[in-house]
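Shown next: target.txt, given as compact mmCIF, C-alpha atoms and all ligand atoms.
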```txt
# COMPACT_ATOMS: atom_id res chain seq x y z
CA MET A 106 -36.20 -8.43 2.56
CA THR A 107 -33.51 -5.75 2.81
CA THR A 108 -30.24 -6.16 0.99
CA PHE A 109 -27.02 -5.08 2.64
CA SER A 110 -24.47 -2.56 1.40
CA ALA A 111 -20.88 -2.24 2.49
CA PRO A 112 -20.50 0.19 5.44
CA LYS A 113 -19.88 3.86 4.71
CA GLY A 114 -16.30 4.65 3.72
CA THR A 115 -15.54 1.10 2.62
CA TYR A 116 -15.56 -0.54 -0.80
CA ASP A 117 -15.55 -3.95 -2.40
CA LEU A 118 -12.83 -4.80 -4.84
CA THR A 119 -14.11 -6.79 -7.79
CA PRO A 120 -12.69 -7.85 -11.16
CA PRO A 121 -11.37 -6.32 -13.30
CA GLU A 122 -10.39 -3.36 -11.03
CA SER A 123 -9.18 -5.72 -8.32
CA GLU A 124 -6.38 -6.82 -10.67
CA THR A 125 -4.94 -3.30 -10.58
CA PHE A 126 -4.72 -3.50 -6.79
CA LEU A 127 -2.83 -6.77 -7.02
CA ALA A 128 -0.50 -5.27 -9.62
CA VAL A 129 0.19 -2.27 -7.36
CA ARG A 130 0.93 -4.45 -4.32
CA GLU A 131 3.22 -6.57 -6.45
CA ALA A 132 5.04 -3.53 -7.91
CA ILE A 133 5.63 -2.05 -4.47
CA SER A 134 6.79 -5.26 -2.84
CA ALA A 135 9.09 -6.50 -5.64
CA PRO A 136 11.85 -3.89 -5.06
CA LEU A 137 11.67 -4.54 -1.30
CA ARG A 138 12.17 -8.26 -1.72
CA ARG A 139 15.15 -7.63 -3.98
CA ALA A 140 16.64 -5.48 -1.21
CA GLY A 141 16.41 -8.14 1.50
CA TYR A 142 13.16 -7.20 3.19
CA GLY A 143 11.33 -10.20 4.68
CA TYR A 144 7.55 -10.51 4.77
CA ILE A 145 5.69 -9.96 8.04
CA GLU A 146 2.02 -10.23 8.97
CA THR A 147 0.57 -8.97 12.22
CA PRO A 148 -3.00 -9.13 13.59
CA GLY A 149 -5.72 -6.79 12.35
CA PHE A 150 -6.21 -5.52 15.90
CA GLU A 151 -3.88 -4.69 18.77
CA HIS A 152 -4.11 -3.38 22.34
CA VAL A 153 -5.34 0.23 22.17
CA GLU A 154 -2.38 1.36 24.20
CA LEU A 155 0.12 0.29 21.56
CA PHE A 156 -1.26 2.99 19.31
CA SER A 157 -1.99 5.65 21.92
CA ARG A 158 1.60 5.38 23.15
CA GLY A 159 3.17 4.67 19.77
CA VAL A 160 1.29 6.86 17.32
CA GLY A 161 0.73 9.57 19.93
CA GLU A 162 -2.07 10.67 22.30
CA SER A 163 -2.42 14.01 20.56
CA THR A 164 -2.69 12.82 16.98
CA ASP A 165 -5.95 12.81 15.04
CA ILE A 166 -5.46 9.10 14.46
CA VAL A 167 -5.61 8.33 18.18
CA THR A 168 -8.04 10.99 19.38
CA LYS A 169 -10.64 10.73 16.63
CA GLU A 170 -10.01 8.00 14.13
CA MET A 171 -9.43 4.70 15.92
CA TYR A 172 -12.00 1.94 15.82
CA THR A 173 -11.87 0.68 19.38
CA LEU A 174 -13.75 -2.10 21.11
CA THR A 175 -13.88 -3.77 24.48
CA THR A 176 -13.92 -7.56 24.32
CA LYS A 177 -16.27 -9.66 26.45
CA GLY A 178 -13.23 -10.30 28.63
CA GLY A 179 -12.73 -6.56 29.16
CA THR A 180 -9.67 -6.08 26.92
CA GLU A 181 -9.44 -2.77 25.08
CA LEU A 182 -8.55 -3.36 21.46
CA ALA A 183 -8.27 -1.18 18.35
CA LEU A 184 -8.42 -2.07 14.68
CA ARG A 185 -4.97 -1.13 13.42
CA PRO A 186 -4.89 2.42 12.02
CA GLU A 187 -1.32 2.01 10.68
CA GLY A 188 1.40 -0.61 10.44
CA THR A 189 4.62 0.62 12.03
CA ALA A 190 3.69 0.27 15.72
CA SER A 191 2.45 -3.30 15.16
CA VAL A 192 5.50 -4.36 13.16
CA LEU A 193 7.86 -2.97 15.78
CA ARG A 194 5.81 -4.61 18.55
CA ALA A 195 6.04 -7.96 16.74
CA ALA A 196 9.78 -7.61 16.10
CA LEU A 197 10.40 -6.87 19.78
CA GLN A 198 8.11 -9.67 20.94
CA ARG A 199 9.87 -12.18 18.65
CA ASN A 200 13.30 -10.84 19.60
CA LEU A 201 14.20 -10.13 16.00
CA HIS A 202 16.19 -7.12 17.21
CA ARG A 203 18.62 -9.44 19.00
CA GLY A 204 19.73 -10.92 15.69
CA ALA A 205 21.49 -9.25 12.77
CA LEU A 206 20.65 -5.57 12.35
CA PRO A 207 18.98 -3.91 10.64
CA VAL A 208 15.83 -6.02 10.77
CA LYS A 209 14.24 -5.38 7.37
CA LEU A 210 10.56 -6.22 6.98
CA TRP A 211 7.73 -5.48 4.56
CA TYR A 212 3.99 -5.93 4.91
CA SER A 213 0.75 -5.50 3.06
CA GLY A 214 -2.70 -5.20 4.54
CA SER A 215 -5.87 -3.40 5.54
CA TYR A 216 -5.92 -0.42 7.89
CA TYR A 217 -8.84 1.34 9.53
CA ARG A 218 -9.47 4.98 10.36
CA TYR A 219 -12.77 6.61 11.22
CA GLU A 220 -12.30 9.52 8.82
CA ARG A 221 -14.73 11.59 6.81
CA PRO A 222 -14.92 9.58 3.59
CA GLN A 223 -14.15 11.29 0.29
CA ALA A 224 -12.35 10.50 -2.95
CA GLY A 225 -9.09 8.82 -1.93
CA ARG A 226 -9.97 8.73 1.76
CA TYR A 227 -11.67 5.66 3.16
CA ARG A 228 -12.39 4.13 6.52
CA HIS A 229 -10.87 0.87 5.39
CA PHE A 230 -7.85 1.20 3.12
CA SER A 231 -4.86 -0.72 1.94
CA GLN A 232 -1.16 -0.09 2.44
CA VAL A 233 2.10 -1.76 1.60
CA GLY A 234 4.79 -0.80 4.08
CA ALA A 235 8.45 -1.39 4.87
CA GLU A 236 10.51 -0.96 8.03
CA ALA A 237 14.28 -1.18 8.61
CA MET A 238 14.90 -1.41 12.33
CA GLY A 239 17.87 -1.18 14.66
CA THR A 240 20.34 0.83 12.61
CA GLU A 241 21.09 4.52 12.35
CA ASP A 242 22.59 5.06 8.93
CA PRO A 243 21.63 7.67 6.34
CA ALA A 244 22.12 5.03 3.65
CA LEU A 245 19.20 3.09 5.12
CA ASP A 246 16.91 6.13 4.93
CA ALA A 247 18.05 6.66 1.33
CA GLU A 248 17.54 2.97 0.50
CA LEU A 249 13.92 3.06 1.60
CA VAL A 250 13.16 6.26 -0.26
CA LEU A 251 14.74 4.84 -3.42
CA LEU A 252 12.79 1.58 -3.13
CA ALA A 253 9.55 3.59 -3.11
CA VAL A 254 10.77 5.69 -6.04
CA ASP A 255 11.55 2.48 -7.94
CA ALA A 256 8.09 1.08 -7.17
CA TYR A 257 6.35 4.14 -8.60
CA ARG A 258 8.68 4.06 -11.59
CA ALA A 259 7.97 0.37 -12.22
CA LEU A 260 4.28 1.19 -12.33
CA GLY A 261 4.99 3.85 -14.94
CA LEU A 262 3.94 6.79 -12.75
CA ARG A 263 5.63 10.01 -13.85
CA GLU A 264 3.92 12.63 -11.71
CA VAL A 265 4.84 11.52 -8.20
CA ARG A 266 6.83 14.16 -6.32
CA LEU A 267 9.03 13.47 -3.31
CA LEU A 268 8.97 15.96 -0.43
CA LEU A 269 11.78 15.75 2.10
CA ASN A 270 12.38 17.24 5.53
CA SER A 271 14.14 16.58 8.82
CA LEU A 272 12.29 16.81 12.12
CA GLY A 273 15.40 16.80 14.29
CA ASP A 274 16.00 14.59 17.31
CA GLN A 275 15.65 14.66 21.11
CA GLU A 276 18.56 17.09 21.18
CA CYS A 277 17.30 19.88 18.93
CA ARG A 278 13.57 19.22 18.56
CA PRO A 279 12.52 20.32 22.12
CA LYS A 280 14.29 23.66 21.68
CA TYR A 281 12.65 24.19 18.32
CA ARG A 282 9.29 23.15 19.77
CA SER A 283 9.50 25.87 22.42
CA ALA A 284 10.47 28.50 19.85
CA LEU A 285 7.56 27.46 17.66
CA GLN A 286 5.13 27.50 20.58
CA GLU A 287 6.19 30.98 21.51
CA PHE A 288 5.59 32.16 17.96
CA LEU A 289 2.22 30.40 17.65
CA ARG A 290 0.89 31.75 20.95
CA GLY A 291 1.13 35.25 19.50
CA LEU A 292 -1.19 34.44 16.56
CA ASP A 293 -4.92 34.88 16.11
CA LEU A 294 -6.12 31.26 16.29
CA ASP A 295 -9.27 29.42 17.32
CA GLU A 296 -9.67 27.51 20.58
CA ASP A 297 -8.90 24.08 19.10
CA THR A 298 -5.74 25.25 17.42
CA ARG A 299 -4.60 27.02 20.60
CA ARG A 300 -4.93 23.72 22.43
CA ARG A 301 -2.91 22.03 19.71
CA ILE A 302 -0.08 24.55 20.25
CA GLU A 303 0.35 23.17 23.73
CA ILE A 304 0.10 19.46 22.86
CA ASN A 305 1.51 19.17 19.36
CA PRO A 306 2.66 22.50 17.93
CA LEU A 307 4.31 20.98 14.85
CA ARG A 308 0.89 19.88 13.63
CA VAL A 309 -0.22 23.50 13.42
CA LEU A 310 2.27 23.98 10.58
CA ASP A 311 0.31 21.37 8.66
CA ASP A 312 -3.02 23.23 9.04
CA LYS A 313 -4.47 23.51 5.57
CA ARG A 314 -6.66 26.58 6.25
CA GLU A 315 -5.73 29.71 4.36
CA ALA A 316 -6.29 31.99 7.39
CA VAL A 317 -3.86 29.89 9.43
CA GLN A 318 -1.26 29.46 6.68
CA ARG A 319 -1.17 33.22 6.10
CA GLN A 320 -0.04 33.77 9.67
CA LEU A 321 2.63 31.10 9.45
CA ALA A 322 4.78 32.85 6.85
CA ASP A 323 7.37 33.86 9.44
CA ALA A 324 7.10 30.80 11.67
CA PRO A 325 10.42 29.37 12.84
CA MET A 326 11.36 26.29 10.83
CA MET A 327 12.96 23.09 12.13
CA ARG A 328 15.46 23.37 9.29
CA ASP A 329 17.03 26.42 10.95
CA HIS A 330 17.15 24.76 14.37
CA LEU A 331 18.74 21.39 13.54
CA CYS A 332 21.70 20.40 15.71
CA GLU A 333 25.00 19.59 13.99
CA ALA A 334 24.40 15.82 14.10
CA CYS A 335 20.94 16.11 12.54
CA LYS A 336 22.14 18.59 9.96
CA SER A 337 24.97 16.32 8.88
CA TYR A 338 22.71 13.25 8.85
CA HIS A 339 20.19 15.03 6.66
CA GLU A 340 22.89 16.24 4.27
CA GLN A 341 24.09 12.67 3.85
CA VAL A 342 20.58 11.43 3.06
CA ARG A 343 20.18 14.23 0.50
CA ASP A 344 23.58 13.48 -1.08
CA LEU A 345 22.82 9.77 -1.41
CA LEU A 346 19.45 10.49 -3.02
CA THR A 347 21.01 12.97 -5.42
CA ALA A 348 23.78 10.53 -6.33
CA ALA A 349 21.13 7.90 -7.09
CA GLY A 350 19.35 10.31 -9.41
CA ALA A 351 16.25 10.74 -7.24
CA GLU A 352 14.57 14.10 -7.52
CA PHE A 353 13.20 15.63 -4.34
CA GLU A 354 11.92 18.92 -3.01
CA ASP A 355 12.96 20.23 0.39
CA ASP A 356 9.77 20.96 2.28
CA PRO A 357 10.53 22.57 5.64
CA ARG A 358 6.84 22.45 6.58
CA LEU A 359 6.40 18.71 6.14
CA VAL A 360 5.49 17.28 9.55
CA ARG A 361 3.13 14.32 8.93
CA GLY A 362 0.34 13.11 11.18
CA LEU A 363 2.14 10.69 13.47
CA ASP A 364 4.12 11.68 16.54
CA TYR A 365 6.92 9.17 16.32
CA TYR A 366 8.94 10.67 13.49
CA THR A 367 12.47 11.98 14.06
CA ARG A 368 15.06 13.26 11.59
CA THR A 369 14.29 12.12 8.02
CA THR A 370 10.65 12.61 7.07
CA PHE A 371 9.24 12.32 3.57
CA GLU A 372 6.06 12.18 1.63
CA PHE A 373 5.18 11.19 -1.92
CA VAL A 374 2.47 13.35 -3.46
CA HIS A 375 0.58 13.17 -6.73
CA ASP A 376 -0.96 16.33 -8.14
CA GLY A 377 -3.71 14.56 -10.04
CA LEU A 378 -5.58 13.45 -6.92
CA GLY A 379 -7.22 16.60 -5.57
CA SER A 380 -7.06 17.23 -1.84
CA GLN A 381 -5.95 13.71 -0.86
CA SER A 382 -2.67 14.03 -2.71
CA ALA A 383 -0.37 12.00 -0.44
CA VAL A 384 0.22 8.60 -2.03
CA GLY A 385 2.74 7.50 0.57
CA GLY A 386 5.02 8.65 3.30
CA GLY A 387 7.35 7.74 6.08
CA GLY A 388 10.49 8.59 7.95
CA ARG A 389 12.77 7.80 10.82
CA TYR A 390 11.31 6.90 14.21
CA ASP A 391 14.29 6.55 16.51
CA GLY A 392 12.28 6.91 19.72
CA LEU A 393 9.30 4.67 18.99
CA SER A 394 10.74 1.47 20.44
CA GLU A 395 11.27 3.12 23.82
CA MET A 396 7.81 4.70 23.64
CA ILE A 397 6.28 1.22 23.51
CA GLY A 398 8.54 -0.22 26.20
CA GLY A 399 11.42 -1.58 24.10
CA PRO A 400 15.16 -0.88 24.05
CA PRO A 401 16.59 1.96 21.94
CA LEU A 402 16.12 0.87 18.32
CA PRO A 403 16.67 3.59 15.74
CA SER A 404 14.53 2.74 12.72
CA VAL A 405 13.12 4.06 9.48
CA GLY A 406 10.14 3.04 7.38
CA TRP A 407 7.31 4.01 5.06
CA ALA A 408 3.81 3.09 4.07
CA LEU A 409 2.44 3.58 0.57
CA GLY A 410 -1.31 3.79 0.04
CA VAL A 411 -2.47 1.18 -2.45
CA ASP A 412 -5.84 2.89 -3.05
CA ARG A 413 -4.32 6.24 -3.91
CA THR A 414 -1.64 4.65 -6.07
CA VAL A 415 -4.45 3.04 -8.07
CA LEU A 416 -6.11 6.47 -8.36
CA ALA A 417 -2.78 7.95 -9.47
CA LEU A 418 -2.47 5.33 -12.20
CA ARG A 419 -5.97 6.23 -13.39
CA ALA A 420 -5.15 9.95 -13.28
CA GLU A 421 -2.15 9.33 -15.55
CA GLY A 422 -4.12 7.01 -17.81
CA ILE A 423 -1.92 4.00 -17.05
CA ALA A 424 -3.49 0.55 -17.21
CA PRO A 425 -1.26 -2.10 -15.65
CA GLU A 426 -0.80 -5.27 -17.65
CA ALA A 427 -4.06 -7.09 -18.30
CA PRO A 428 -4.70 -10.05 -16.01
CA ALA A 429 -3.89 -13.55 -17.23
CA ARG A 430 -7.00 -14.78 -18.99
CA ALA A 431 -7.99 -18.23 -20.15
CA GLU A 432 -5.92 -19.29 -23.14
CA VAL A 433 -8.11 -22.28 -23.90
CA PHE A 434 -11.87 -22.63 -23.51
CA ALA A 435 -13.46 -26.08 -23.60
CA VAL A 436 -16.81 -26.56 -25.35
CA PRO A 437 -18.25 -30.05 -24.80
CA LEU A 438 -21.25 -31.31 -26.76
CA GLY A 439 -23.00 -33.99 -24.78
CA GLU A 440 -22.48 -35.77 -21.47
CA GLU A 441 -19.50 -37.91 -22.41
CA ALA A 442 -17.69 -34.95 -23.96
CA ARG A 443 -18.27 -33.05 -20.74
CA ARG A 444 -16.40 -35.71 -18.78
CA THR A 445 -13.59 -35.97 -21.29
CA LEU A 446 -13.04 -32.24 -21.80
CA PHE A 447 -13.25 -31.60 -18.06
CA GLY A 448 -10.23 -33.92 -17.85
CA VAL A 449 -8.51 -32.03 -20.68
CA VAL A 450 -9.02 -28.70 -18.88
CA THR A 451 -7.51 -30.11 -15.69
CA GLU A 452 -4.56 -31.45 -17.67
CA LEU A 453 -4.02 -28.10 -19.43
CA ARG A 454 -4.07 -26.24 -16.11
CA ARG A 455 -1.61 -28.67 -14.57
CA ALA A 456 0.65 -28.01 -17.54
CA GLY A 457 0.53 -24.30 -16.69
CA ILE A 458 -1.90 -23.28 -19.43
CA ALA A 459 -4.85 -21.12 -18.32
CA ALA A 460 -8.04 -22.92 -19.28
CA ASP A 461 -11.77 -22.59 -18.64
CA PHE A 462 -14.87 -24.65 -19.35
CA ALA A 463 -18.43 -24.07 -20.58
CA TYR A 464 -20.24 -24.79 -17.34
CA GLY A 465 -23.97 -25.07 -16.95
CA GLY A 466 -24.69 -27.48 -19.81
CA LYS A 467 -24.88 -24.71 -22.43
CA GLY A 468 -25.76 -25.47 -26.02
CA MET A 469 -23.13 -25.04 -28.75
CA LYS A 470 -24.15 -21.46 -29.60
CA ASN A 471 -24.05 -20.16 -26.04
CA ALA A 472 -20.92 -22.10 -25.21
CA MET A 473 -19.10 -20.56 -28.20
CA LYS A 474 -20.29 -17.15 -27.09
CA SER A 475 -18.72 -17.79 -23.67
CA ALA A 476 -15.54 -18.98 -25.36
CA ASN A 477 -15.28 -15.76 -27.37
CA ARG A 478 -16.08 -13.61 -24.36
CA SER A 479 -13.41 -15.31 -22.25
CA GLY A 480 -10.68 -13.86 -24.43
CA ALA A 481 -9.20 -17.34 -24.95
CA ARG A 482 -7.04 -17.91 -28.01
CA PHE A 483 -8.35 -21.44 -28.62
CA ALA A 484 -11.59 -23.34 -28.17
CA VAL A 485 -11.36 -27.10 -27.71
CA ILE A 486 -14.62 -28.53 -29.04
CA ALA A 487 -15.68 -32.16 -28.86
CA GLY A 488 -18.88 -34.09 -29.70
CA GLU A 489 -19.70 -37.78 -29.81
CA ARG A 490 -18.19 -38.36 -33.22
CA ASP A 491 -14.90 -36.74 -32.19
CA LEU A 492 -14.71 -38.86 -29.07
CA GLU A 493 -15.29 -42.07 -31.00
CA GLN A 494 -12.12 -41.23 -32.93
CA ARG A 495 -10.32 -40.01 -29.78
CA THR A 496 -9.94 -36.54 -31.32
CA VAL A 497 -11.09 -32.97 -30.58
CA GLN A 498 -11.53 -29.87 -32.74
CA LEU A 499 -9.06 -27.10 -31.94
CA LYS A 500 -10.46 -23.79 -33.09
CA ASP A 501 -8.26 -20.72 -33.32
CA LEU A 502 -10.61 -17.99 -32.10
CA GLU A 503 -8.48 -15.26 -33.67
CA SER A 504 -8.20 -16.63 -37.22
CA GLY A 505 -11.31 -18.81 -37.12
CA GLY A 506 -9.30 -21.78 -38.47
CA GLN A 507 -10.15 -25.21 -37.09
CA THR A 508 -8.04 -28.38 -37.00
CA GLU A 509 -8.55 -31.88 -35.70
CA VAL A 510 -6.16 -32.91 -32.95
CA GLU A 511 -5.61 -36.26 -31.23
CA LEU A 512 -7.07 -36.20 -27.74
CA ASP A 513 -3.72 -37.25 -26.26
CA ALA A 514 -1.90 -34.49 -28.11
CA VAL A 515 -4.07 -31.52 -27.06
CA VAL A 516 -1.74 -30.18 -24.36
CA GLU A 517 1.35 -30.46 -26.56
CA THR A 518 -0.37 -28.94 -29.59
CA VAL A 519 -1.79 -26.01 -27.61
CA ARG A 520 1.56 -25.38 -25.97
CA ARG A 521 3.33 -25.34 -29.34
CA ARG A 522 0.76 -23.10 -31.00
CA LEU A 523 0.70 -20.63 -28.11
CA GLY A 524 4.44 -20.24 -28.69
P1 LIG B 601 0.04 7.45 6.96
O1 LIG B 601 -0.03 6.10 7.62
O2 LIG B 601 -0.98 8.40 7.46
O3 LIG B 601 1.42 7.99 6.88
O4 LIG B 601 -0.41 7.19 5.45
C1 LIG B 601 0.40 6.56 4.49
C2 LIG B 601 -0.38 6.49 3.20
O5 LIG B 601 -1.54 5.69 3.37
C3 LIG B 601 -0.92 7.83 2.74
O6 LIG B 601 0.03 8.52 1.98
C4 LIG B 601 -2.12 7.42 1.91
O7 LIG B 601 -1.72 7.08 0.60
C5 LIG B 601 -2.61 6.18 2.61
N1 LIG B 601 -3.77 6.51 3.48
C6 LIG B 601 -3.77 6.98 4.74
N2 LIG B 601 -5.01 7.13 5.20
C7 LIG B 601 -5.85 6.76 4.21
C8 LIG B 601 -7.28 6.69 4.07
N3 LIG B 601 -8.11 7.03 5.06
N4 LIG B 601 -7.79 6.24 2.88
C9 LIG B 601 -6.96 5.89 1.87
N5 LIG B 601 -5.63 5.94 1.96
C10 LIG B 601 -5.05 6.36 3.10
```
Would you mind writing the structure in this file as structure tokens?
Ligand code: AMP
Amino acid sequence: MTTFSAPKGTYDLTPPESETFLAVREAISAPLRRAGYGYIETPGFEHVELFSRGVGESTDIVTKEMYTLTTKGGTELALRPEGTASVLRAALQRNLHRGALPVKLWYSGSYYRYERPQAGRYRHFSQVGAEAMGTEDPALDAELVLLAVDAYRALGLREVRLLLNSLGDQECRPKYRSALQEFLRGLDLDEDTRRRIEINPLRVLDDKREAVQRQLADAPMMRDHLCEACKSYHEQVRDLLTAAGAEFEDDPRLVRGLDYYTRTTFEFVHDGLGSQSAVGGGGRYDGLSEMIGGPPLPSVGWALGVDRTVLALRAEGIAPEAPARAEVFAVPLGEEARRTLFGVVTELRRAGIAADFAYGGKGMKNAMKSANRSGARFAVIAGERDLEQRTVQLKDLESGGQTEVELDAVVETVRRRLG
């Protein structure tokens, strides 16, 4: 008989580590909810074309990394490699953009990319994301950046850096693109990279290879080609961030791996993570709605990687608050006590007190071992003699002290003694 393992590049989340993931999702979503972002869920798969048109035909995500499948009915689907295109598709489909703008939404879920697995890079990973759609306002870009900053801060992370850039708009970007192409065509580059110059020249700036980077020292930068409107917009975003006390670094080479970004573009990096240092990123995508067949809908958003945020916490030695453990552990001695204490445990839980039970008909010794291991503050122990008197023994597992308590008063007594 063979046993199965999870597919390559995937992982199972089990206690206690799984609690850290929940804590990270909670820390990222709490600031969003306070800022009026509503929760959205979309399907795990979409029509392939949504991503090829939305994310971009020339991106690695679309050309190499999508998990695609053809259904028995002949429909071409893809497991979602990112969240923005789906969220915008859903907002358009549900006509959210016809109501009050901006439409502010947040989401949390699994995403899939056929990448070469390594530390911090998986084929199935987890993101929490946020999108603010339908409004062009530098304050909205700044709001989203600050909400991410606040999330990292709430988690206690100190070594997250914010990189900021502007990618221009349909006015200035094409002119810059041509200037960049002209420069790149004169360099000594391999076949693949030459092809990239023609399809997506900005991506060449992001090439991590030393031999390529060396030749890029004098490459034209978007920063020097921004039109007046983009320049002023970017200045306003920077001013708002500065006024809010957010530290950032201008990074004129930041381009990111998705084609839909315009104007504000940012990335959060953590230096303790090795080569996969990006913990989150996002930006403005004013043209995406039209790219997927919608009306003009200037928007901005980000996605933060839950997996890498967990790795960042580890790198900084931060352990999020321990999960809620049982506060009371019930140890029944005998069949009748089992029935009675099972009722007590249910009652405790309904009163909001975390409680657990010695399952499996364990003897006293093993049951007490389980009680101690559970981390509970109290053990509620009952045998036949106790039940005859309608009492139980309440043992304080920290001090070792034991008192007799009326069966009907267990919940009240525990509540009082837990403070
Ligand atoms: P992107 O959607 O590429 O902008 O990525 C946003 C964030 O998701 C990144 O900053 C990472 O933290 C995370 N991320 C992207 N791809 C992966 C992956 N293959 N494995 C783990 N995390 C990822």
Report as a Markdown table the residues of chain A within 9 Å of ligand LIG 601 (chain B), each with its shortest atom pair and distance in Å (one decimal), using only C-alpha atoms and all ligand atoms, ordered by chain and increasing residue number.
```
| residue | atom | partner | partner_atom | distance |
| --- | --- | --- | --- | --- |
| A:Gly114 | CA | B:LIG601 | N3 | 8.6 |
| A:Ile166 | CA | B:LIG601 | O2 | 8.3 |
| A:Pro186 | CA | B:LIG601 | O1 | 7.5 |
| A:Glu187 | CA | B:LIG601 | O1 | 5.3 |
| A:Gly188 | CA | B:LIG601 | O1 | 7.4 |
| A:Thr189 | CA | B:LIG601 | O1 | 8.4 |
| A:Tyr216 | CA | B:LIG601 | N2 | 8.1 |
| A:Tyr217 | CA | B:LIG601 | N3 | 7.3 |
| A:Arg218 | CA | B:LIG601 | N3 | 5.8 |
| A:Tyr219 | CA | B:LIG601 | N3 | 7.7 |
| A:Glu220 | CA | B:LIG601 | N3 | 6.2 |
| A:Arg221 | CA | B:LIG601 | N3 | 8.2 |
| A:Pro222 | CA | B:LIG601 | N3 | 7.4 |
| A:Gln223 | CA | B:LIG601 | N4 | 8.5 |
| A:Ala224 | CA | B:LIG601 | N4 | 8.5 |
| A:Gly225 | CA | B:LIG601 | C9 | 5.2 |
| A:Arg226 | CA | B:LIG601 | N4 | 3.5 |
| A:Tyr227 | CA | B:LIG601 | N4 | 3.9 |
| A:Arg228 | CA | B:LIG601 | N3 | 5.4 |
| A:His229 | CA | B:LIG601 | N4 | 6.7 |
| A:Phe230 | CA | B:LIG601 | C9 | 4.9 |
| A:Ser231 | CA | B:LIG601 | N5 | 6.7 |
| A:Gln232 | CA | B:LIG601 | O5 | 5.9 |
| A:Val233 | CA | B:LIG601 | O5 | 8.5 |
| A:Gly234 | CA | B:LIG601 | C1 | 8.6 |
| A:Arg361 | CA | B:LIG601 | O3 | 6.9 |
| A:Gly362 | CA | B:LIG601 | O2 | 6.1 |
| A:Leu363 | CA | B:LIG601 | O2 | 7.1 |
| A:Glu372 | CA | B:LIG601 | O6 | 7.1 |
| A:Phe373 | CA | B:LIG601 | O6 | 7.0 |
| A:Val374 | CA | B:LIG601 | O6 | 7.7 |
| A:Gln381 | CA | B:LIG601 | C4 | 7.9 |
| A:Ser382 | CA | B:LIG601 | O6 | 7.7 |
| A:Ala383 | CA | B:LIG601 | O6 | 4.3 |
| A:Val384 | CA | B:LIG601 | O7 | 3.6 |
| A:Gly385 | CA | B:LIG601 | O6 | 3.2 |
| A:Gly386 | CA | B:LIG601 | O3 | 5.1 |
| A:Gly387 | CA | B:LIG601 | O3 | 6.0 |
| A:Trp407 | CA | B:LIG601 | O3 | 7.3 |
| A:Ala408 | CA | B:LIG601 | C1 | 4.9 |
| A:Leu409 | CA | B:LIG601 | C2 | 4.8 |
| A:Gly410 | CA | B:LIG601 | O7 | 3.4 |
| A:Val411 | CA | B:LIG601 | O7 | 6.7 |
| A:Asp412 | CA | B:LIG601 | N5 | 5.9 |
| A:Arg413 | CA | B:LIG601 | O7 | 5.3 |
| A:Thr414 | CA | B:LIG601 | O7 | 7.1 |
```
Nearby residues (all atoms listed in the file) at most 9 Å from Pro325 of chain A, same-chain spacing under 6 positions excluded, as a ChimeraX atom specification: /A:281,284-285,288
Taking only residues of segment 372-442 of chain A that have an atom at most 12 Å from an atom of segment 495-502 of chain A, what is each one's shortest atom pair and its distance in Å to one decimal, using only C-alpha atoms, in chain and number order, as CSV?
```
residue,atom,partner,partner_atom,distance
A:Glu432,CA,A:Leu502,CA,10.2
A:Val433,CA,A:Leu499,CA,9.4
A:Phe434,CA,A:Lys500,CA,9.8
A:Ala435,CA,A:Leu499,CA,9.5
A:Val436,CA,A:Gln498,CA,9.7
A:Pro437,CA,A:Val497,CA,9.7
A:Leu438,CA,A:Val497,CA,11.0
A:Glu441,CA,A:Arg495,CA,12.0
A:Ala442,CA,A:Val497,CA,9.6
```
Contacts of Gly388 of chain A within 7 Å, only C-alpha atoms, excl. fewer than 3 positions in-chain, as a VMD selection string: chain A and resid 366 369 to 371 405 to 407
Coordinates-based distance that separates atom CA of Leu345 of chain A from atom CA of Leu393 of chain A (Å, one decimal): 25.0 Å
